[in-house]
file entry.txt (compact mmCIF, C-alpha atoms)
# COMPACT_ATOMS: atom_id res chain seq x y z
CA MET A 1 -23.90 -63.53 -73.93
CA SER A 2 -25.73 -65.26 -76.78
CA ASP A 3 -24.07 -66.38 -80.01
CA ARG A 4 -26.15 -63.81 -81.88
CA GLU A 5 -24.87 -60.99 -79.67
CA SER A 6 -21.28 -62.23 -80.04
CA GLU A 7 -21.62 -62.25 -83.82
CA ARG A 8 -23.10 -58.73 -83.73
CA GLU A 9 -20.16 -57.48 -81.66
CA ARG A 10 -17.64 -59.07 -84.03
CA ARG A 11 -19.32 -57.43 -87.01
CA GLY A 12 -19.33 -54.12 -85.19
CA ARG A 13 -15.61 -54.32 -84.48
CA TRP A 14 -14.82 -55.13 -88.13
CA LEU A 15 -16.97 -52.22 -89.30
CA ILE A 16 -15.06 -49.87 -86.99
CA ILE A 17 -11.70 -51.23 -88.22
CA GLY A 18 -12.83 -50.90 -91.83
CA ALA A 19 -13.94 -47.32 -91.27
CA LEU A 20 -10.59 -46.45 -89.72
CA ILE A 21 -8.71 -47.96 -92.69
CA VAL A 22 -10.86 -46.05 -95.19
CA SER A 23 -10.33 -42.81 -93.25
CA ALA A 24 -6.57 -43.36 -93.22
CA LEU A 25 -6.54 -43.98 -96.97
CA ILE A 26 -8.58 -40.85 -97.66
CA GLY A 27 -6.24 -38.82 -95.47
CA ALA A 28 -3.21 -40.15 -97.34
CA VAL A 29 -4.75 -39.23 -100.68
CA VAL A 30 -5.54 -35.72 -99.46
CA LEU A 31 -1.99 -35.22 -98.19
CA CYS A 32 -0.51 -36.47 -101.47
CA THR A 33 -2.66 -34.13 -103.54
CA MET A 34 -2.22 -30.98 -101.46
CA ALA A 35 -0.53 -28.20 -103.42
CA ALA A 36 2.82 -26.88 -102.30
CA PRO A 37 3.07 -23.22 -101.22
CA ASP A 38 2.44 -20.85 -104.12
CA ASP A 39 5.72 -19.95 -105.84
CA GLY A 40 4.18 -18.44 -108.95
CA HIS A 41 3.38 -21.78 -110.58
CA THR A 42 0.89 -24.48 -109.71
CA ALA A 43 2.46 -27.58 -108.18
CA THR A 44 1.87 -30.72 -110.23
CA ARG A 45 1.84 -34.38 -109.33
CA PRO A 46 5.08 -36.09 -110.36
CA TYR A 47 4.49 -38.21 -113.44
CA THR A 48 5.67 -41.75 -113.80
CA ARG A 49 8.23 -42.26 -116.56
CA ALA A 50 5.66 -43.87 -118.86
CA GLU A 51 3.16 -41.05 -118.27
CA LEU A 52 5.76 -38.39 -118.99
CA ARG A 53 6.60 -39.89 -122.36
CA GLN A 54 2.97 -40.34 -123.34
CA VAL A 55 1.93 -36.83 -122.33
CA LEU A 56 4.92 -35.02 -123.83
CA SER A 57 5.07 -36.89 -127.11
CA ALA A 58 1.34 -36.35 -127.68
CA GLY A 59 1.17 -32.83 -126.29
CA VAL A 60 -1.63 -30.55 -127.39
CA GLY A 61 -1.85 -30.37 -131.15
CA ALA A 62 0.10 -33.56 -131.69
CA ASP A 63 -0.26 -33.15 -135.46
CA LEU A 64 2.76 -30.83 -135.21
CA ALA A 65 4.86 -33.90 -134.43
CA ALA A 66 4.14 -35.29 -137.89
CA GLU A 67 7.03 -36.26 -140.12
CA GLU A 68 7.10 -33.04 -142.11
CA SER A 69 7.38 -30.84 -139.01
CA CYS A 70 9.65 -33.14 -137.03
CA PRO A 71 11.90 -34.98 -139.48
CA GLY A 72 14.59 -35.67 -136.90
CA PRO A 73 18.10 -34.23 -136.59
CA ALA A 74 20.71 -33.80 -139.27
CA LEU A 75 23.62 -36.18 -138.61
CA TYR A 76 27.30 -35.25 -138.85
CA ASP A 77 30.50 -37.11 -138.19
CA ALA A 78 33.38 -35.44 -136.36
CA ALA A 79 34.71 -34.03 -139.63
CA GLY A 80 31.39 -32.31 -140.31
CA GLN A 81 30.38 -34.63 -143.14
CA VAL A 82 26.67 -35.34 -143.53
CA GLN A 83 25.74 -38.88 -142.54
CA ASP A 84 22.59 -41.00 -142.50
CA LEU A 85 20.68 -43.22 -140.11
CA ALA A 86 22.61 -46.29 -141.20
CA TRP A 87 25.85 -44.56 -140.16
CA LEU A 88 24.30 -43.50 -136.84
CA GLU A 89 23.18 -47.02 -135.98
CA ALA A 90 26.41 -48.65 -137.12
CA THR A 91 28.61 -46.16 -135.25
CA TYR A 92 26.63 -45.12 -132.17
CA GLY A 93 24.01 -47.84 -131.86
CA PRO A 94 20.34 -47.33 -130.95
CA VAL A 95 20.33 -43.55 -130.50
CA SER A 96 16.76 -42.28 -130.81
CA TRP A 97 14.57 -39.21 -130.31
CA GLN A 98 10.97 -38.32 -129.59
CA CYS A 99 9.13 -35.28 -130.90
CA ALA A 100 7.23 -32.96 -128.58
CA GLY A 101 3.72 -31.78 -129.32
CA ALA A 102 2.72 -28.13 -129.10
CA HIS A 103 1.26 -26.51 -125.98
CA PRO A 104 -1.64 -24.00 -125.97
CA ASP A 105 0.24 -21.59 -123.68
CA ALA A 106 3.46 -21.52 -125.69
CA ASP A 107 4.29 -19.99 -129.06
CA TYR A 108 7.34 -22.16 -129.70
CA LEU A 109 8.72 -25.67 -129.85
CA PHE A 110 12.32 -26.75 -129.31
CA ARG A 111 13.15 -29.14 -132.16
CA LEU A 112 16.18 -31.42 -132.10
CA THR A 113 17.92 -30.38 -135.33
CA GLU A 114 21.48 -31.77 -135.16
CA LEU A 115 23.56 -34.59 -133.71
CA ARG A 116 27.29 -34.03 -134.23
CA ALA A 117 29.97 -36.57 -133.44
CA SER A 118 32.83 -35.48 -131.19
CA CYS A 119 35.86 -37.23 -129.70
CA GLY A 120 38.20 -35.85 -127.03
CA PRO A 121 37.16 -34.46 -123.64
CA ALA A 122 34.68 -36.59 -121.68
CA VAL A 123 31.76 -34.21 -122.09
CA ILE A 124 28.48 -33.82 -123.95
CA VAL A 125 27.90 -30.25 -125.10
CA ALA A 126 24.35 -29.23 -125.93
CA ASN A 127 23.54 -26.14 -127.98
CA VAL A 128 20.28 -24.18 -128.10
CA LYS A 129 19.50 -21.72 -130.92
CA ASP A 130 16.64 -19.39 -131.73
CA GLU A 131 14.48 -19.53 -134.83
CA ASN A 132 17.07 -17.51 -136.79
CA GLY A 133 20.00 -19.69 -135.79
CA GLY A 134 21.32 -17.32 -133.12
CA PRO A 135 22.42 -18.59 -129.68
CA LEU A 136 19.95 -18.69 -126.81
CA ALA A 137 21.57 -17.96 -123.44
CA ASP A 138 20.29 -18.88 -119.98
CA ARG A 139 18.16 -21.76 -121.21
CA ALA A 140 17.80 -24.87 -119.06
CA VAL A 141 18.93 -28.18 -120.53
CA VAL A 142 18.26 -31.40 -118.62
CA ARG A 143 20.55 -34.40 -118.67
CA TYR A 144 19.04 -37.66 -117.38
CA TRP A 145 20.77 -40.91 -116.48
CA PRO A 146 19.68 -43.73 -114.14
CA GLY A 147 20.48 -42.72 -110.61
CA ALA A 148 20.45 -38.98 -111.28
CA PRO A 149 18.93 -36.75 -108.56
CA ALA A 150 15.25 -35.83 -108.63
CA LEU A 151 14.29 -32.81 -110.69
CA PRO A 152 12.40 -29.99 -109.00
CA VAL A 153 8.69 -29.65 -109.73
CA TYR A 154 7.91 -27.20 -112.51
CA ASP A 155 5.00 -26.57 -114.84
CA PRO A 156 4.28 -26.96 -118.55
CA PRO A 157 4.96 -25.81 -121.17
CA ALA A 158 8.54 -26.56 -120.08
CA SER A 159 9.21 -30.20 -120.94
CA ARG A 160 9.75 -32.75 -118.20
CA TRP A 161 10.41 -36.00 -120.05
CA THR A 162 12.08 -37.49 -116.98
CA ASP A 163 11.61 -37.18 -113.24
CA LEU A 164 15.37 -37.42 -112.60
CA GLY A 165 18.26 -35.39 -113.99
CA VAL A 166 20.53 -32.40 -113.61
CA VAL A 167 19.98 -28.97 -115.12
CA GLY A 168 22.62 -26.95 -116.94
CA TRP A 169 22.19 -23.39 -118.22
CA THR A 170 23.38 -22.28 -121.63
CA SER A 171 26.13 -19.70 -122.02
CA ALA A 172 26.10 -16.61 -124.24
CA ALA A 173 27.05 -18.94 -127.08
CA GLY A 174 24.02 -21.15 -126.40
CA ASP A 175 26.21 -24.01 -125.10
CA VAL A 176 26.15 -26.06 -121.94
CA GLY A 177 28.47 -28.99 -121.21
CA PHE A 178 27.85 -32.01 -118.99
CA GLY A 179 30.84 -33.97 -117.74
CA LEU A 180 30.74 -37.75 -118.28
CA GLY A 181 32.12 -40.61 -116.19
CA THR A 182 32.88 -44.30 -116.51
CA GLY A 183 29.19 -45.17 -116.21
CA ASP A 184 28.58 -43.40 -119.50
CA TYR A 185 30.64 -45.86 -121.57
CA TYR A 186 28.68 -48.29 -123.72
CA PHE A 187 29.13 -50.63 -126.67
CA PRO A 188 26.59 -50.28 -129.54
CA GLU A 189 26.47 -54.02 -130.14
CA THR A 190 25.18 -54.63 -126.63
CA GLY A 191 23.04 -51.56 -125.95
CA ALA A 192 22.77 -47.80 -125.87
CA GLY A 193 24.18 -45.03 -123.73
CA VAL A 194 22.22 -44.04 -120.63
CA THR A 195 22.00 -40.28 -121.23
CA GLU A 196 18.80 -38.55 -122.31
CA MET A 197 18.60 -34.80 -122.89
CA TYR A 198 16.02 -32.11 -123.58
CA VAL A 199 15.40 -28.39 -123.17
CA ALA A 200 13.25 -27.35 -120.19
CA ASP A 201 12.16 -23.82 -121.03
CA TYR A 202 8.88 -21.93 -120.66
CA ASP A 203 9.09 -20.79 -124.28
CA GLY A 204 7.73 -24.21 -125.24
CA PRO A 205 8.05 -28.01 -125.20
CA SER A 206 11.21 -29.77 -126.36
CA ASP A 207 12.09 -32.90 -128.30
CA LEU A 208 13.92 -35.62 -126.38
CA VAL A 209 17.12 -37.40 -127.49
CA GLU A 210 17.91 -40.81 -125.97
CA GLY A 211 20.80 -43.27 -125.93
CA LEU A 212 23.72 -40.85 -125.73
CA GLY A 213 26.97 -41.82 -124.06
CA MET A 214 30.65 -42.51 -124.77
CA LEU A 215 31.70 -45.31 -127.11
CA GLY A 216 33.74 -47.96 -125.33
CA GLY A 217 37.30 -48.28 -126.59
CA THR A 218 37.38 -44.74 -128.04
CA ASP A 219 38.66 -41.33 -126.99
CA HIS A 220 35.33 -40.39 -125.36
CA CYS A 221 33.52 -40.35 -128.72
CA THR A 222 29.94 -39.14 -128.32
CA LEU A 223 27.26 -36.99 -129.98
CA PHE A 224 26.52 -33.31 -129.32
CA PRO A 225 22.81 -32.35 -129.70
CA THR A 226 21.46 -29.03 -131.00
CA TRP A 227 17.93 -27.69 -130.59
CA HIS A 228 16.30 -24.81 -132.46
CA ARG A 229 13.44 -22.83 -130.97
CA ILE A 230 10.87 -22.60 -133.76
CA PRO A 231 7.42 -20.92 -133.95
CA LYS A 232 4.50 -23.22 -133.26
CA ALA A 233 2.65 -21.66 -136.17
CA ASP A 234 5.49 -22.49 -138.60
CA PRO A 235 7.00 -25.69 -137.23
CA ILE A 236 9.37 -26.62 -140.06
CA PRO A 237 12.89 -26.82 -138.59
CA PRO A 238 15.69 -24.85 -140.26
CA THR A 239 18.24 -26.58 -142.47
CA ALA A 240 21.41 -27.42 -140.56
CA THR A 241 24.81 -26.35 -141.90
CA PRO A 242 27.57 -28.94 -142.43
CA GLY A 243 30.90 -28.33 -140.78
CA PRO A 244 33.29 -29.82 -138.23
CA THR A 245 32.30 -30.10 -134.57
CA GLU A 246 33.83 -27.31 -132.49
CA ALA A 247 36.37 -28.31 -129.88
CA PRO A 248 34.49 -28.39 -126.54
CA ILE A 249 37.52 -27.17 -124.63
CA ALA A 250 36.79 -23.65 -125.92
CA ILE A 251 33.09 -23.70 -125.08
CA GLU A 252 31.77 -21.62 -122.20
CA GLY A 253 29.44 -22.97 -119.56
CA LEU A 254 31.13 -26.33 -119.02
CA TYR A 255 29.92 -28.11 -115.89
CA ARG A 256 30.77 -31.34 -114.16
CA ILE A 257 27.59 -33.09 -113.16
CA GLU A 258 28.86 -33.78 -109.64
CA GLU A 259 29.21 -30.01 -109.03
CA LEU A 260 26.09 -28.80 -110.83
CA TYR A 261 23.51 -27.20 -108.53
CA ILE A 262 20.02 -28.12 -109.66
CA LYS A 263 17.80 -25.14 -110.30
CA LEU A 264 14.94 -24.07 -112.51
CA ALA A 265 13.54 -20.58 -113.02
CA THR A 266 10.12 -19.97 -111.49
CA GLU A 267 9.34 -17.15 -113.86
CA GLU A 268 9.53 -16.92 -117.57
CA PRO A 269 12.78 -15.34 -118.80
call {"tool": "encode", "arguments": {"input": "entry.txt", "output": "structure tokens"}}
result
Amino acid sequence: MSDRESERERRGRWLIIGALIVSALIGAVVLCTMAAPDDGHTATRPYTRAELRQVLSAGVGADLAAEESCPGPALYDAAGQVQDLAWLEATYGPVSWQCAGAHPDADYLFRLTELRASCGPAVIVANVKDENGGPLADRAVVRYWPGAPALPVYDPPASRWTDLGVVGWTSAAGDVGFGLGTGDYYFPETGAGVTEMYVADYDGPSDLVEGLGMLGGTDHCTLFPTWHRIPKADPIPPTATPGPTEAPIAIEGLYRIEELYIKLATEEP
């Protein structure tokens, strides 16, 4: 066999190997992009954490996330006294929030309107209200922390700021509680809490609150978030009402995260 024929055979073998590799890669891409069985909503590719934040904070019609329509939550201490950002940072550290943009298929937004301090039981209680200040029952609220289980796949306009978390459903009073553990303690001078929360509801996208947790060296002191569902066409949040934080022991719908079964409605309520 001549050197030229040997070289031709080597090239042929490499071409075959290359073709097999390309075919395998194409097959992998096809498998990864195949839709799941139809359950009433189109399956979507899981976003990376960075993509989720970029997509949800921009949204469609991101001008609605301007300062006048998303001024941030009213802040209250445990006695119900109005506080400011300086108090929040000094007391609870780098707590922050991100505003959701509107969605073309939804008439509402869920705006974060209050953060209320609470000490006592090791729990964060979230509250969801309608545009008139009334409670919204059976609304999904997501709590994220590092190491949480994977969320199920669901479609916009319900927010999915994170790909991990547990889902709690609001009671008739619009409340849902998430039990906290030792991993939720933090010290403001060294960092923030690990909890992030948002509403995941087909009525519309939701603002995200970040950095929640329990203050180290305290009686489980934390912050309770409240969201209002507001019309997309009139996105100015309602004015919050000062007053003391309700005792969470009396609130319905209290769940421990270890016992919470993850679910999400496949149809609009």
call {"tool": "residues_around", "arguments": {"input": "entry.txt", "residues": "Gly134 (chain A)", "least_positions_apart": "6", "cutoff": "10 Å", "atoms": "only C-alpha atoms", "output": "PyMOL selection string"}}
result
chain A and resi 128+173-174+228-229
call {"tool": "residues_around", "arguments": {"input": "entry.txt", "residues": "region 149-154 of chain A", "least_positions_apart": "6", "cutoff": "6 Å", "atoms": "only C-alpha atoms", "output": "JSON, numbers by chain"}}
result
{"A": [163, 164, 165]}
call {"tool": "residues_around", "arguments": {"input": "entry.txt", "residues": "region 90-99 of chain A", "least_positions_apart": "4", "cutoff": "8 Å", "atoms": "all atoms listed in the file", "output": "PyMOL selection string"}}
result
chain A and resi 57+65+70+72+86+111+187-189+191-193+206-212+215+222
call {"tool": "residues_near_point", "arguments": {"input": "entry.txt", "point": "(21.5, -25.7, -131.5)", "cutoff": "12 Å", "atoms": "only C-alpha atoms", "output": "NGL selection string"}}
result
:A and (73-74 or 110-116 or 125-137 or 139 or 141 or 170 or 173-176 or 198-199 or 224-230 or 237-241)
call {"tool": "write_last_selection", "arguments": {"input": "entry.txt", "atoms": "C-alpha atoms", "output": "PDB file, in the coordinates of the input"}}
result
ATOM      1  CA  PRO A  73      18.100 -34.230-136.590  1.00  0.00           C
ATOM      2  CA  ALA A  74      20.710 -33.800-139.270  1.00  0.00           C
ATOM      3  CA  PHE A 110      12.320 -26.750-129.310  1.00  0.00           C
ATOM      4  CA  ARG A 111      13.150 -29.140-132.160  1.00  0.00           C
ATOM      5  CA  LEU A 112      16.180 -31.420-132.100  1.00  0.00           C
ATOM      6  CA  THR A 113      17.920 -30.380-135.330  1.00  0.00           C
ATOM      7  CA  GLU A 114      21.480 -31.770-135.160  1.00  0.00           C
ATOM      8  CA  LEU A 115      23.560 -34.590-133.710  1.00  0.00           C
ATOM      9  CA  ARG A 116      27.290 -34.030-134.230  1.00  0.00           C
ATOM     10  CA  VAL A 125      27.900 -30.250-125.100  1.00  0.00           C
ATOM     11  CA  ALA A 126      24.350 -29.230-125.930  1.00  0.00           C
ATOM     12  CA  ASN A 127      23.540 -26.140-127.980  1.00  0.00           C
ATOM     13  CA  VAL A 128      20.280 -24.180-128.100  1.00  0.00           C
ATOM     14  CA  LYS A 129      19.500 -21.720-130.920  1.00  0.00           C
ATOM     15  CA  ASP A 130      16.640 -19.390-131.730  1.00  0.00           C
ATOM     16  CA  GLU A 131      14.480 -19.530-134.830  1.00  0.00           C
ATOM     17  CA  ASN A 132      17.070 -17.510-136.790  1.00  0.00           C
ATOM     18  CA  GLY A 133      20.000 -19.690-135.790  1.00  0.00           C
ATOM     19  CA  GLY A 134      21.320 -17.320-133.120  1.00  0.00           C
ATOM     20  CA  PRO A 135      22.420 -18.590-129.680  1.00  0.00           C
ATOM     21  CA  LEU A 136      19.950 -18.690-126.810  1.00  0.00           C
ATOM     22  CA  ALA A 137      21.570 -17.960-123.440  1.00  0.00           C
ATOM     23  CA  ARG A 139      18.160 -21.760-121.210  1.00  0.00           C
ATOM     24  CA  VAL A 141      18.930 -28.180-120.530  1.00  0.00           C
ATOM     25  CA  THR A 170      23.380 -22.280-121.630  1.00  0.00           C
ATOM     26  CA  ALA A 173      27.050 -18.940-127.080  1.00  0.00           C
ATOM     27  CA  GLY A 174      24.020 -21.150-126.400  1.00  0.00           C
ATOM     28  CA  ASP A 175      26.210 -24.010-125.100  1.00  0.00           C
ATOM     29  CA  VAL A 176      26.150 -26.060-121.940  1.00  0.00           C
ATOM     30  CA  TYR A 198      16.020 -32.110-123.580  1.00  0.00           C
ATOM     31  CA  VAL A 199      15.400 -28.390-123.170  1.00  0.00           C
ATOM     32  CA  PHE A 224      26.520 -33.310-129.320  1.00  0.00           C
ATOM     33  CA  PRO A 225      22.810 -32.350-129.700  1.00  0.00           C
ATOM     34  CA  THR A 226      21.460 -29.030-131.000  1.00  0.00           C
ATOM     35  CA  TRP A 227      17.930 -27.690-130.590  1.00  0.00           C
ATOM     36  CA  HIS A 228      16.300 -24.810-132.460  1.00  0.00           C
ATOM     37  CA  ARG A 229      13.440 -22.830-130.970  1.00  0.00           C
ATOM     38  CA  ILE A 230      10.870 -22.600-133.760  1.00  0.00           C
ATOM     39  CA  PRO A 237      12.890 -26.820-138.590  1.00  0.00           C
ATOM     40  CA  PRO A 238      15.690 -24.850-140.260  1.00  0.00           C
ATOM     41  CA  THR A 239      18.240 -26.580-142.470  1.00  0.00           C
ATOM     42  CA  ALA A 240      21.410 -27.420-140.560  1.00  0.00           C
ATOM     43  CA  THR A 241      24.810 -26.350-141.900  1.00  0.00           C
TER      44      THR A 241
END
call {"tool": "atom_distance", "arguments": {"input": "entry.txt", "atom1": "CA of Trp87 (chain A)", "atom2": "CA of Tyr186 (chain A)"}}
result
17.1 Å
call {"tool": "closest_residue", "arguments": {"input": "entry.txt", "among": "A:Pro157, A:Gly168, A:Gly183, A:Gly216", "to": "Asp107 (chain A)", "atoms": "all atoms listed in the file"}}
result
A:Pro157
call {"tool": "closest_residue", "arguments": {"input": "entry.txt", "among": "A:Pro71, A:Gly80, A:Gly179, A:Pro146", "to": "Val123 (chain A)", "atoms": "all atoms listed in the file"}}
result
A:Gly179
call {"tool": "atom_distance", "arguments": {"input": "entry.txt", "atom1": "CA of Asp203 (chain A)", "atom2": "CA of Ala158 (chain A)"}}
result
7.2 Å
call {"tool": "closest_residue", "arguments": {"input": "entry.txt", "among": "A:Pro205, A:Leu223, A:Ala117, A:Thr182", "to": "Asp77 (chain A)", "atoms": "all atoms listed in the file"}}
result
A:Ala117
call {"tool": "atom_distance", "arguments": {"input": "entry.txt", "atom1": "CA of Phe178 (chain A)", "atom2": "CA of Ala106 (chain A)"}}
result
27.4 Å
call {"tool": "closest_residue", "arguments": {"input": "entry.txt", "among": "A:Ala148, A:Thr218, A:Gly204, A:Gly213", "to": "Ala100 (chain A)", "atoms": "all atoms listed in the file"}}
result
A:Gly204
call {"tool": "residues_around", "arguments": {"input": "entry.txt", "residues": "Trp145 (chain A)", "least_positions_apart": "2", "cutoff": "7 Å", "atoms": "all atoms listed in the file", "output": "PDB file with C-alpha atoms, in the frame of the given file"}}
result
ATOM      1  CA  ARG A 143      20.550 -34.400-118.670  1.00  0.00           C
ATOM      2  CA  GLY A 147      20.480 -42.720-110.610  1.00  0.00           C
ATOM      3  CA  ALA A 148      20.450 -38.980-111.280  1.00  0.00           C
ATOM      4  CA  GLY A 165      18.260 -35.390-113.990  1.00  0.00           C
ATOM      5  CA  VAL A 194      22.220 -44.040-120.630  1.00  0.00           C
ATOM      6  CA  THR A 195      22.000 -40.280-121.230  1.00  0.00           C
ATOM      7  CA  GLU A 196      18.800 -38.550-122.310  1.00  0.00           C
TER       8      GLU A 196
END
call {"tool": "decode", "arguments": {"input": "entry.txt", "residues": "region 89-108 of chain A", "atoms": "N, CA and C atoms", "output": "PDB file, in the first residue's frame"}}
result
ATOM      1  N   GLU A  89     -31.186  48.886  55.905  1.00  0.00           N
ATOM      2  CA  GLU A  89     -29.808  48.443  55.725  1.00  0.00           C
ATOM      3  C   GLU A  89     -29.108  48.255  57.063  1.00  0.00           C
ATOM      4  N   ALA A  90     -29.338  49.184  57.989  1.00  0.00           N
ATOM      5  CA  ALA A  90     -28.674  49.087  59.282  1.00  0.00           C
ATOM      6  C   ALA A  90     -29.168  47.895  60.090  1.00  0.00           C
ATOM      7  N   THR A  91     -30.454  47.555  59.943  1.00  0.00           N
ATOM      8  CA  THR A  91     -31.051  46.505  60.768  1.00  0.00           C
ATOM      9  C   THR A  91     -30.983  45.138  60.100  1.00  0.00           C
ATOM     10  N   TYR A  92     -31.312  45.078  58.815  1.00  0.00           N
ATOM     11  CA  TYR A  92     -31.435  43.791  58.120  1.00  0.00           C
ATOM     12  C   TYR A  92     -30.414  43.592  57.009  1.00  0.00           C
ATOM     13  N   GLY A  93     -29.521  44.542  56.829  1.00  0.00           N
ATOM     14  CA  GLY A  93     -28.467  44.369  55.844  1.00  0.00           C
ATOM     15  C   GLY A  93     -28.933  44.561  54.415  1.00  0.00           C
ATOM     16  N   PRO A  94     -28.244  43.930  53.455  1.00  0.00           N
ATOM     17  CA  PRO A  94     -28.496  44.183  52.032  1.00  0.00           C
ATOM     18  C   PRO A  94     -29.727  43.469  51.481  1.00  0.00           C
ATOM     19  N   VAL A  95     -30.889  43.761  52.053  1.00  0.00           N
ATOM     20  CA  VAL A  95     -32.143  43.275  51.473  1.00  0.00           C
ATOM     21  C   VAL A  95     -32.426  44.094  50.214  1.00  0.00           C
ATOM     22  N   SER A  96     -32.864  43.441  49.159  1.00  0.00           N
ATOM     23  CA  SER A  96     -33.107  44.157  47.903  1.00  0.00           C
ATOM     24  C   SER A  96     -34.316  43.576  47.192  1.00  0.00           C
ATOM     25  N   TRP A  97     -34.722  44.214  46.100  1.00  0.00           N
ATOM     26  CA  TRP A  97     -35.855  43.733  45.304  1.00  0.00           C
ATOM     27  C   TRP A  97     -35.637  44.111  43.860  1.00  0.00           C
ATOM     28  N   GLN A  98     -36.331  43.382  42.974  1.00  0.00           N
ATOM     29  CA  GLN A  98     -36.287  43.668  41.551  1.00  0.00           C
ATOM     30  C   GLN A  98     -37.717  43.737  41.034  1.00  0.00           C
ATOM     31  N   CYS A  99     -37.950  44.714  40.162  1.00  0.00           N
ATOM     32  CA  CYS A  99     -39.294  44.941  39.637  1.00  0.00           C
ATOM     33  C   CYS A  99     -39.521  44.134  38.361  1.00  0.00           C
ATOM     34  N   ALA A 100     -40.698  43.556  38.251  1.00  0.00           N
ATOM     35  CA  ALA A 100     -41.060  42.783  37.060  1.00  0.00           C
ATOM     36  C   ALA A 100     -41.630  43.707  36.000  1.00  0.00           C
ATOM     37  N   GLY A 101     -41.347  43.402  34.742  1.00  0.00           N
ATOM     38  CA  GLY A 101     -42.003  44.082  33.644  1.00  0.00           C
ATOM     39  C   GLY A 101     -43.337  43.438  33.336  1.00  0.00           C
ATOM     40  N   ALA A 102     -44.153  44.129  32.547  1.00  0.00           N
ATOM     41  CA  ALA A 102     -45.469  43.610  32.187  1.00  0.00           C
ATOM     42  C   ALA A 102     -45.333  42.490  31.155  1.00  0.00           C
ATOM     43  N   HIS A 103     -46.430  41.774  30.944  1.00  0.00           N
ATOM     44  CA  HIS A 103     -46.466  40.686  29.964  1.00  0.00           C
ATOM     45  C   HIS A 103     -47.679  40.899  29.065  1.00  0.00           C
ATOM     46  N   PRO A 104     -47.553  40.667  27.747  1.00  0.00           N
ATOM     47  CA  PRO A 104     -48.672  40.957  26.838  1.00  0.00           C
ATOM     48  C   PRO A 104     -49.910  40.108  27.084  1.00  0.00           C
ATOM     49  N   ASP A 105     -49.751  38.939  27.713  1.00  0.00           N
ATOM     50  CA  ASP A 105     -50.885  38.043  27.937  1.00  0.00           C
ATOM     51  C   ASP A 105     -51.480  38.165  29.334  1.00  0.00           C
ATOM     52  N   ALA A 106     -51.053  39.161  30.083  1.00  0.00           N
ATOM     53  CA  ALA A 106     -51.549  39.321  31.452  1.00  0.00           C
ATOM     54  C   ALA A 106     -52.018  40.755  31.669  1.00  0.00           C
ATOM     55  N   ASP A 107     -53.083  40.902  32.435  1.00  0.00           N
ATOM     56  CA  ASP A 107     -53.632  42.229  32.713  1.00  0.00           C
ATOM     57  C   ASP A 107     -53.101  42.827  34.005  1.00  0.00           C
ATOM     58  N   TYR A 108     -52.303  42.050  34.750  1.00  0.00           N
ATOM     59  CA  TYR A 108     -51.873  42.497  36.075  1.00  0.00           C
ATOM     60  C   TYR A 108     -50.374  42.335  36.273  1.00  0.00           C
TER      61      TYR A 108
END
